[in-house]
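This is query.csv. It holds CSV, C-alpha atoms.
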```
chain,number,residue,atom,x,y,z
A,1,MET,CA,-16.3,-38.2,29.9
A,2,GLN,CA,-12.7,-37.9,31.3
A,3,ARG,CA,-11.4,-37.2,27.7
A,4,ARG,CA,-13.9,-34.4,27.3
A,5,LEU,CA,-12.9,-32.6,30.5
A,6,PRO,CA,-9.7,-30.9,29.3
A,7,VAL,CA,-11.5,-29.7,26.2
A,8,LEU,CA,-14.4,-28.3,28.4
A,9,ALA,CA,-11.9,-26.7,30.7
A,10,LEU,CA,-10.2,-25.0,27.8
A,11,LEU,CA,-13.5,-23.7,26.4
A,12,LEU,CA,-14.5,-22.3,29.8
A,13,ALA,CA,-11.1,-20.6,30.2
A,14,THR,CA,-11.5,-19.1,26.8
A,15,LEU,CA,-14.9,-17.7,27.5
A,16,SER,CA,-14.3,-16.8,31.2
A,17,PRO,CA,-15.3,-13.3,32.3
A,18,ALA,CA,-11.7,-12.5,33.2
A,19,ALA,CA,-10.5,-13.2,29.6
A,20,MET,CA,-13.3,-11.2,28.1
A,21,ALA,CA,-12.7,-8.4,30.5
A,22,GLN,CA,-9.1,-8.3,29.5
A,23,ASP,CA,-10.1,-7.8,25.9
A,24,ASP,CA,-12.5,-5.1,26.9
A,25,ALA,CA,-9.8,-3.3,28.8
A,26,TRP,CA,-7.5,-2.9,25.8
A,27,PRO,CA,-5.3,-1.0,25.6
A,28,THR,CA,-3.6,-1.5,28.9
A,29,GLN,CA,-0.3,0.1,27.9
A,30,THR,CA,1.3,2.1,25.1
A,31,VAL,CA,0.4,0.9,21.6
A,32,ARG,CA,3.2,0.9,19.1
A,33,LEU,CA,2.3,1.9,15.6
A,34,ILE,CA,5.1,0.6,13.3
A,35,ALA,CA,5.6,2.6,10.1
A,36,PRO,CA,7.8,0.8,7.6
A,37,SER,CA,9.2,4.1,6.3
A,38,GLY,CA,11.3,7.0,7.4
A,39,PRO,CA,9.8,10.2,8.8
A,40,GLY,CA,7.7,12.0,6.1
A,41,GLY,CA,6.9,8.8,4.2
A,42,ASN,CA,3.3,8.0,3.5
A,43,PRO,CA,2.9,5.3,6.3
A,44,ASP,CA,4.6,7.7,8.7
A,45,VAL,CA,2.3,10.7,7.9
A,46,LEU,CA,-0.9,8.6,8.2
A,47,ALA,CA,0.4,6.9,11.4
A,48,ARG,CA,1.0,10.2,13.1
A,49,LEU,CA,-2.4,11.5,12.2
A,50,LEU,CA,-4.1,8.4,13.6
A,51,ALA,CA,-1.9,8.2,16.6
A,52,GLU,CA,-3.1,11.5,17.9
A,53,LYS,CA,-6.8,10.6,17.5
A,54,LEU,CA,-6.5,7.1,18.9
A,55,SER,CA,-4.5,8.4,22.0
A,56,SER,CA,-7.3,10.8,22.7
A,57,LYS,CA,-10.0,8.2,22.2
A,58,PHE,CA,-8.5,5.4,24.3
A,59,GLY,CA,-6.6,7.4,26.9
A,60,LYS,CA,-3.4,5.5,26.3
A,61,PRO,CA,-0.5,6.7,24.2
A,62,PHE,CA,-0.3,5.5,20.6
A,63,ILE,CA,3.3,6.1,19.5
A,64,VAL,CA,4.7,5.9,16.0
A,65,GLU,CA,8.0,4.0,15.5
A,66,ASN,CA,9.7,4.4,12.1
A,67,MET,CA,11.3,1.2,10.8
A,68,PRO,CA,12.5,1.9,7.2
A,69,GLY,CA,14.6,-0.5,5.3
A,70,ALA,CA,14.4,-3.6,3.1
A,71,GLY,CA,11.1,-2.5,1.6
A,72,GLY,CA,9.1,-3.1,4.8
A,73,ILE,CA,10.5,-6.5,5.5
A,74,LEU,CA,12.1,-5.5,8.8
A,75,ALA,CA,8.9,-4.0,10.1
A,76,ALA,CA,6.8,-7.0,9.0
A,77,ASN,CA,9.1,-9.4,10.7
A,78,LEU,CA,9.0,-7.4,13.9
A,79,VAL,CA,5.2,-7.3,14.0
A,80,ALA,CA,4.8,-10.9,12.9
A,81,LYS,CA,6.7,-12.0,16.0
A,82,ALA,CA,5.2,-9.6,18.5
A,83,PRO,CA,2.9,-10.7,21.3
A,84,PRO,CA,-0.7,-10.9,19.9
A,85,ASP,CA,-2.2,-8.6,22.5
A,86,GLY,CA,-3.0,-5.6,20.3
A,87,HIS,CA,-0.2,-3.4,21.6
A,88,MET,CA,1.8,-3.4,18.3
A,89,VAL,CA,0.3,-2.9,14.9
A,90,MET,CA,1.8,-2.1,11.5
A,91,PHE,CA,0.9,0.1,8.6
A,92,GLY,CA,1.3,-2.6,6.0
A,93,ASP,CA,0.9,-2.0,2.3
A,94,SER,CA,0.9,-3.8,-1.0
A,95,GLY,CA,4.7,-3.8,-0.9
A,96,ASN,CA,5.4,-5.9,2.2
A,97,MET,CA,2.1,-7.8,2.1
A,98,ALA,CA,1.9,-8.7,-1.6
A,99,ILE,CA,4.9,-7.6,-3.7
A,100,ASN,CA,7.7,-8.7,-1.4
A,101,PRO,CA,6.2,-12.2,-0.9
A,102,ALA,CA,5.9,-12.5,-4.6
A,103,LEU,CA,9.5,-11.6,-5.2
A,104,ASN,CA,10.9,-13.7,-2.4
A,105,PRO,CA,9.1,-16.4,-0.5
A,106,ASN,CA,11.9,-16.6,2.1
A,107,LEU,CA,11.1,-13.4,4.0
A,108,GLY,CA,10.8,-14.8,7.4
A,109,TYR,CA,7.0,-14.0,7.6
A,110,ASP,CA,3.9,-15.2,5.9
A,111,PRO,CA,1.4,-12.4,5.0
A,112,ILE,CA,-1.6,-14.6,5.6
A,113,LYS,CA,-0.6,-16.9,8.5
A,114,ASP,CA,1.4,-14.4,10.6
A,115,PHE,CA,-0.9,-11.4,10.6
A,116,ALA,CA,-4.5,-10.4,11.6
A,117,PRO,CA,-5.7,-7.8,9.1
A,118,VAL,CA,-7.5,-5.0,10.8
A,119,THR,CA,-8.7,-2.7,8.0
A,120,ALA,CA,-7.8,-1.1,4.8
A,121,LEU,CA,-7.0,2.7,5.1
A,122,VAL,CA,-6.1,4.4,1.8
A,123,SER,CA,-4.9,3.6,-1.7
A,124,LEU,CA,-2.0,5.4,-3.3
A,125,PRO,CA,-2.6,5.8,-7.0
A,126,THR,CA,0.1,6.9,-9.4
A,127,ILE,CA,0.2,9.1,-12.5
A,128,MET,CA,1.8,8.1,-15.7
A,129,SER,CA,4.0,11.1,-16.4
A,130,ALA,CA,6.3,11.9,-19.3
A,131,ASN,CA,9.0,14.4,-20.3
A,132,PRO,CA,7.3,17.1,-22.3
A,133,ASN,CA,9.7,16.6,-25.2
A,134,VAL,CA,8.1,13.2,-25.9
A,135,PRO,CA,6.2,13.7,-29.1
A,136,ALA,CA,2.9,12.3,-27.7
A,137,SER,CA,0.3,14.6,-26.1
A,138,THR,CA,-2.2,11.9,-25.2
A,139,LEU,CA,-2.1,8.4,-23.9
A,140,ASP,CA,-3.1,6.9,-27.2
A,141,GLU,CA,-0.4,8.8,-29.0
A,142,PHE,CA,2.2,7.5,-26.5
A,143,ILE,CA,1.1,3.9,-27.0
A,144,ALA,CA,1.2,4.4,-30.8
A,145,LEU,CA,4.7,5.9,-30.5
A,146,ALA,CA,6.0,3.2,-28.3
A,147,LYS,CA,4.7,0.5,-30.7
A,148,LYS,CA,6.6,2.1,-33.6
A,149,GLN,CA,9.9,1.8,-31.7
A,150,PRO,CA,9.8,-1.2,-29.4
A,151,GLY,CA,12.4,-1.3,-26.7
A,152,LYS,CA,13.9,2.1,-27.6
A,153,MET,CA,11.9,4.3,-25.2
A,154,SER,CA,12.7,4.0,-21.6
A,155,TYR,CA,10.7,4.3,-18.3
A,156,GLY,CA,11.9,4.7,-14.8
A,157,SER,CA,10.9,3.2,-11.5
A,158,ALA,CA,11.7,3.5,-7.8
A,159,GLY,CA,13.6,0.2,-8.2
A,160,ALA,CA,13.2,-3.3,-9.5
A,161,GLY,CA,10.1,-4.8,-8.1
A,162,SER,CA,8.7,-1.5,-6.9
A,163,ILE,CA,5.0,-0.6,-7.5
A,164,HIS,CA,6.2,1.8,-10.2
A,165,HIS,CA,8.0,-1.0,-12.0
A,166,LEU,CA,5.1,-3.5,-11.7
A,167,THR,CA,2.5,-0.9,-12.7
A,168,MET,CA,4.3,-0.3,-16.0
A,169,ALA,CA,4.8,-4.0,-16.5
A,170,ILE,CA,1.1,-4.5,-16.3
A,171,PHE,CA,0.4,-1.5,-18.5
A,172,ALA,CA,2.9,-2.6,-21.1
A,173,GLU,CA,1.6,-6.1,-21.3
A,174,ARG,CA,-2.0,-5.1,-21.8
A,175,THR,CA,-1.2,-2.4,-24.4
A,176,GLY,CA,1.4,-4.5,-26.3
A,177,ILE,CA,4.2,-2.1,-26.0
A,178,GLU,CA,7.9,-2.7,-25.1
A,179,LEU,CA,9.9,-0.2,-23.1
A,180,LEU,CA,13.4,-0.3,-21.5
A,181,HIS,CA,13.3,-0.3,-17.7
A,182,VAL,CA,15.6,2.0,-15.8
A,183,PRO,CA,15.5,1.4,-12.1
A,184,TYR,CA,16.4,4.3,-9.7
A,185,ARG,CA,17.0,4.5,-6.0
A,186,GLY,CA,13.6,5.9,-5.0
A,187,GLY,CA,10.8,7.8,-6.5
A,188,SER,CA,12.3,11.2,-6.3
A,189,ALA,CA,15.4,10.2,-8.2
A,190,MET,CA,13.1,8.7,-10.9
A,191,VAL,CA,11.2,12.0,-11.2
A,192,ASN,CA,14.5,13.8,-11.7
A,193,GLY,CA,15.3,11.4,-14.5
A,194,LEU,CA,12.0,12.4,-16.1
A,195,LEU,CA,12.8,16.1,-15.7
A,196,THR,CA,16.2,15.8,-17.3
A,197,GLY,CA,15.0,13.6,-20.1
A,198,GLU,CA,17.2,10.7,-19.0
A,199,ILE,CA,14.0,8.6,-19.3
A,200,GLN,CA,10.9,9.3,-21.2
A,201,VAL,CA,8.1,8.1,-19.0
A,202,GLY,CA,7.2,6.6,-15.6
A,203,TRP,CA,4.5,6.1,-13.0
A,204,SER,CA,4.9,8.3,-9.9
A,205,GLY,CA,3.1,9.1,-6.7
A,206,ILE,CA,0.8,12.1,-7.1
A,207,PRO,CA,2.5,14.4,-4.6
A,208,ASN,CA,5.8,14.0,-6.4
A,209,VAL,CA,4.5,15.2,-9.8
A,210,ILE,CA,1.3,17.2,-9.4
A,211,GLU,CA,3.0,20.6,-9.3
A,212,LEU,CA,5.4,19.7,-12.1
A,213,ILE,CA,2.5,18.7,-14.3
A,214,ALA,CA,0.6,21.9,-13.5
A,215,SER,CA,3.7,24.0,-14.4
A,216,GLY,CA,4.3,22.1,-17.7
A,217,LYS,CA,7.6,20.7,-16.6
A,218,LEU,CA,6.1,17.2,-17.0
A,219,ARG,CA,3.1,15.9,-18.9
A,220,GLY,CA,0.6,13.7,-17.2
A,221,TYR,CA,-1.3,11.0,-19.1
A,222,CYS,CA,-3.6,9.3,-16.7
A,223,VAL,CA,-4.2,8.1,-13.1
A,224,SER,CA,-3.7,4.4,-12.4
A,225,VAL,CA,-7.1,3.7,-10.6
A,226,LEU,CA,-10.7,3.5,-11.8
A,227,GLN,CA,-11.8,6.8,-10.2
A,228,ARG,CA,-10.2,10.2,-10.6
A,229,SER,CA,-8.2,11.3,-7.7
A,230,PRO,CA,-9.7,14.1,-5.6
A,231,SER,CA,-6.3,15.8,-5.5
A,232,THR,CA,-6.1,15.8,-9.4
A,233,PRO,CA,-9.7,15.9,-10.5
A,234,ALA,CA,-8.8,17.1,-14.0
A,235,MET,CA,-6.5,14.1,-14.7
A,236,PRO,CA,-8.4,11.3,-16.4
A,237,THR,CA,-8.1,7.7,-15.5
A,238,CYS,CA,-6.6,5.1,-17.8
A,239,ASP,CA,-9.9,3.4,-17.8
A,240,GLU,CA,-11.6,6.6,-19.1
A,241,LEU,CA,-9.0,6.7,-21.9
A,242,GLY,CA,-9.7,3.3,-23.2
A,243,GLN,CA,-7.7,1.0,-21.0
A,244,LYS,CA,-10.8,-0.5,-19.5
A,245,GLY,CA,-10.4,-2.0,-16.0
A,246,PHE,CA,-6.8,-0.7,-15.5
A,247,ASP,CA,-6.6,-0.4,-11.7
A,248,VAL,CA,-3.2,-0.6,-10.0
A,249,ALA,CA,-2.3,1.1,-6.7
A,250,THR,CA,-0.6,0.5,-3.4
A,251,VAL,CA,-3.2,-0.1,-0.7
A,252,MET,CA,-2.2,0.7,2.9
A,253,GLY,CA,-3.9,-1.0,5.9
A,254,LEU,CA,-3.4,-2.0,9.5
A,255,GLN,CA,-2.0,-5.3,10.4
A,256,ALA,CA,-1.8,-6.9,13.9
A,257,PRO,CA,0.1,-10.1,14.8
A,258,SER,CA,-1.8,-13.3,14.2
A,259,GLY,CA,-3.8,-14.4,17.2
A,260,THR,CA,-4.7,-10.9,18.4
A,261,PRO,CA,-8.2,-11.2,20.1
A,262,PRO,CA,-11.1,-10.5,17.7
A,263,LYS,CA,-12.6,-8.1,20.2
A,264,VAL,CA,-9.4,-6.0,20.1
A,265,ILE,CA,-9.4,-6.1,16.3
A,266,ALA,CA,-13.0,-5.0,16.2
A,267,ARG,CA,-12.5,-2.1,18.6
A,268,LEU,CA,-9.4,-0.9,16.7
A,269,GLN,CA,-11.2,-1.2,13.4
A,270,ALA,CA,-14.2,0.7,14.5
A,271,GLU,CA,-12.3,3.6,16.0
A,272,VAL,CA,-9.9,3.9,13.0
A,273,ALA,CA,-12.9,3.9,10.6
A,274,ALA,CA,-14.5,6.7,12.6
A,275,ALA,CA,-11.2,8.7,12.6
A,276,MET,CA,-10.7,8.2,8.8
A,277,ARG,CA,-14.2,9.6,8.1
A,278,GLU,CA,-13.6,12.9,9.9
A,279,PRO,CA,-13.7,15.8,7.4
A,280,ALA,CA,-10.3,17.1,8.4
A,281,MET,CA,-8.8,13.7,7.8
A,282,VAL,CA,-10.4,13.2,4.5
A,283,THR,CA,-9.2,16.6,3.3
A,284,ARG,CA,-5.6,15.9,4.5
A,285,MET,CA,-5.6,12.5,2.7
A,286,HIS,CA,-6.7,14.1,-0.5
A,287,GLN,CA,-4.0,16.7,-0.2
A,288,LEU,CA,-1.5,13.9,0.0
A,289,GLY,CA,-2.9,12.2,-3.1
A,290,MET,CA,-4.4,9.4,-1.1
A,291,VAL,CA,-7.8,7.8,-1.8
A,292,MET,CA,-9.9,6.6,1.1
A,293,GLU,CA,-10.6,2.9,1.1
A,294,GLU,CA,-13.6,1.0,2.5
A,295,ASN,CA,-12.8,0.5,6.2
A,296,GLY,CA,-13.6,-3.1,7.1
A,297,THR,CA,-11.7,-6.2,8.1
A,298,ALA,CA,-13.5,-8.7,5.8
A,299,SER,CA,-13.1,-6.5,2.7
A,300,TYR,CA,-9.5,-5.9,3.5
A,301,VAL,CA,-8.8,-9.7,3.8
A,302,ALA,CA,-10.5,-10.2,0.4
A,303,PHE,CA,-8.4,-7.4,-1.2
A,304,MET,CA,-5.1,-8.8,0.2
A,305,LYS,CA,-5.7,-12.2,-1.4
A,306,ARG,CA,-6.4,-10.6,-4.8
A,307,ASP,CA,-3.4,-8.3,-4.4
A,308,MET,CA,-1.1,-11.3,-3.6
A,309,GLU,CA,-2.4,-13.3,-6.6
A,310,ARG,CA,-2.0,-10.3,-9.0
A,311,TYR,CA,1.7,-9.6,-8.0
A,312,ALA,CA,2.6,-13.3,-7.9
A,313,GLN,CA,1.5,-13.5,-11.5
A,314,VAL,CA,3.2,-10.3,-12.6
A,315,THR,CA,6.6,-11.0,-10.9
A,316,LYS,CA,6.6,-14.6,-12.4
A,317,LYS,CA,6.0,-13.2,-15.9
A,318,LEU,CA,8.8,-10.7,-15.4
A,319,GLY,CA,11.2,-13.4,-14.1
A,320,LEU,CA,11.6,-11.5,-10.8
A,321,SER,CA,10.3,-14.0,-8.4
A,322,GLU,CA,12.7,-16.4,-6.5
A,323,THR,CA,12.0,-20.1,-5.8
A,324,LYS,CA,11.9,-21.6,-2.3
```
Would you encode the structure as structure tokens?
Amino acid sequence: MQRRLPVLALLLATLSPAAMAQDDAWPTQTVRLIAPSGPGGNPDVLARLLAEKLSSKFGKPFIVENMPGAGGILAANLVAKAPPDGHMVMFGDSGNMAINPALNPNLGYDPIKDFAPVTALVSLPTIMSANPNVPASTLDEFIALAKKQPGKMSYGSAGAGSIHHLTMAIFAERTGIELLHVPYRGGSAMVNGLLTGEIQVGWSGIPNVIELIASGKLRGYCVSVLQRSPSTPAMPTCDELGQKGFDVATVMGLQAPSGTPPKVIARLQAEVAAAMREPAMVTRMHQLGMVMEENGTASYVAFMKRDMERYAQVTKKLGLSETK
């Protein structure tokens, strides 16, 4: 009986009214929303839209803190080590939650052990775009052209290990083509390479190329996800064009430090989901080339595990991953 007393006391403390009231009172101070990008980046834009709505809802300030650098590693380490009280959350994405861990297991954080996923928010599909001088008007024609001259045509990316790089690696493997990879310092520089003809093709975020495709300065082949993007409804998906099941995109979601009380996670998830369903928010996301994701903690956890497995396999095949 004496051995059971400490355990019983611990359980009573965990379930005490004071402890439960503390969770119900959240937030008790400013909530810091960490955006692993500079001002104007996708995480920053979405964070600021949500910060305004959440501040109004909870009556406490939700402020956005930009922390660019190292592909989101700095932001992830900060949040992973923060007190698990719900007053700091991060706009994590496939980059710092799946791709970075696949590239380097020595990041200082574990995407599963160190975080409490809150909810998925949006996915960021890309468009396969080409310089209009490439003698291939359709996706099938491009694949056929690339097969005739393996390794001679080039594609750009926002850098080695970026989503643009890995999307093309997945596409090339499944279509049996071989292209020369030319990494750039960012997506905008890569688009400039497409415009000048320095490279022939590349995957790019929709906002970066939608007007260029409409004006004929670039040619768009397909969207990288299974459903057409609301911002480019005339652009077919790769799946529609014969590449069945091709579905690659960055997914952005909210992450809290591991150990954050479940009640806090549930309250934040519910209010974020409500904000994301507002018509004005949906319209704005579509304007930015973002696709709304299912808002739920369990579905987000399942997606994260699939995302990590996918990029672990891809980076290993490309020889990009490091060993412990």
Please build the interface table for range 198-313 of chain A against range 22-40 of chain A with a cut-off of 8 Å, listing for each qualifying residue the nearest atom pair and the distance in Å to one decimal; count only C-alpha atoms, order rows by chain and increasing number, and write it as a tab-separated table.
```
residue	atom	partner	partner_atom	distance
A:Pro261	CA	A:Asp23	CA	7.0
A:Lys263	CA	A:Asp23	CA	6.2
A:Val264	CA	A:Asp23	CA	6.1
```
Range 172-178 of chain A environment, 7 Å, all atoms listed in the file, sequence neighbours closer than 3 positions dropped, as a PyMOL selection string: chain A and resi 143+146-147+150-151+168-169
Store the residues of this selection in a file with C-alpha atoms, as a short mmCIF file (atom, residue, chain, number, x, y, z; two decimals), keeping the file's coordinate frame.
```
data_model
loop_
_atom_site.label_atom_id
_atom_site.label_comp_id
_atom_site.auth_asym_id
_atom_site.auth_seq_id
_atom_site.Cartn_x
_atom_site.Cartn_y
_atom_site.Cartn_z
CA ILE A 143 1.10 3.90 -27.00
CA ALA A 146 6.00 3.20 -28.30
CA LYS A 147 4.70 0.50 -30.70
CA PRO A 150 9.80 -1.20 -29.40
CA GLY A 151 12.40 -1.30 -26.70
CA MET A 168 4.30 -0.30 -16.00
CA ALA A 169 4.80 -4.00 -16.50
#
```
Shortest interatomic distance to His165 in chain A - which of A:Gln287, A:Thr126, A:Gln227, A:Asn104, counting all atoms listed in the file: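 Nearest candidate to His165 in chain A out of A:Gln287, A:Thr126, A:Gln227, A:Asn104: A:Thr126.
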From CA of Leu74 in chain A to CA of Ser123 in chain A the spacing works out at 22.0 Å
For a test of reading the model, state the distance in Å between CA of Gly59 in chain A and CA of Ala47 in chain A, rounded to one decimal. 17.0 Å
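CA of Leu78 in chain A sits 14.5 Å away from CA of Lys113 in chain A.
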Residue among A:Met90, A:Leu49, A:Met97, A:Leu254 lying closest to Ala312 in chain A, counting all atoms listed in the file: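 The closest residue to Ala312 in chain A is A:Met97.
In this comparison, which uses only C-alpha atoms, the residue of A:Leu241, A:Met153, A:Ala275, A:Met67 approaching Thr138 in chain A most closely is A:Leu241.
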Compare A:Met308, A:Ala102, A:Met285, A:Ala80 by their minimum atom-to-atom distance to Ser231 in chain A, counting only C-alpha atoms, and give me the closest one.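 Once distances to Ser231 in chain A are computed over only C-alpha atoms, the minimum belongs to A:Met285.
Take the candidates A:Met235, A:Ala144, A:Gly253, A:Tyr311 and check each one against Val272 in chain A using all atoms listed in the file; the shortest distance goes to A:Gly253.
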Once you count all atoms listed in the file, what closest atom pair and distance in Å to one decimal does each residue of range 152-187 of chain A within 6 Å of range 198-212 of chain A have, with rows by chain and rising residue number, as CSV?
```
residue,atom,partner,partner_atom,distance
A:Ser154,CA,A:Ile199,CA,5.3
A:Tyr155,CA,A:Val201,CA,4.7
A:Gly156,CA,A:Gly202,CA,5.1
A:His164,CA,A:Trp203,CA,5.4
```
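Among the candidates A:Ile170, A:Leu320, A:Ala116, A:Leu139, the one nearest to Met304 in chain A when counting only C-alpha atoms is A:Ala116.
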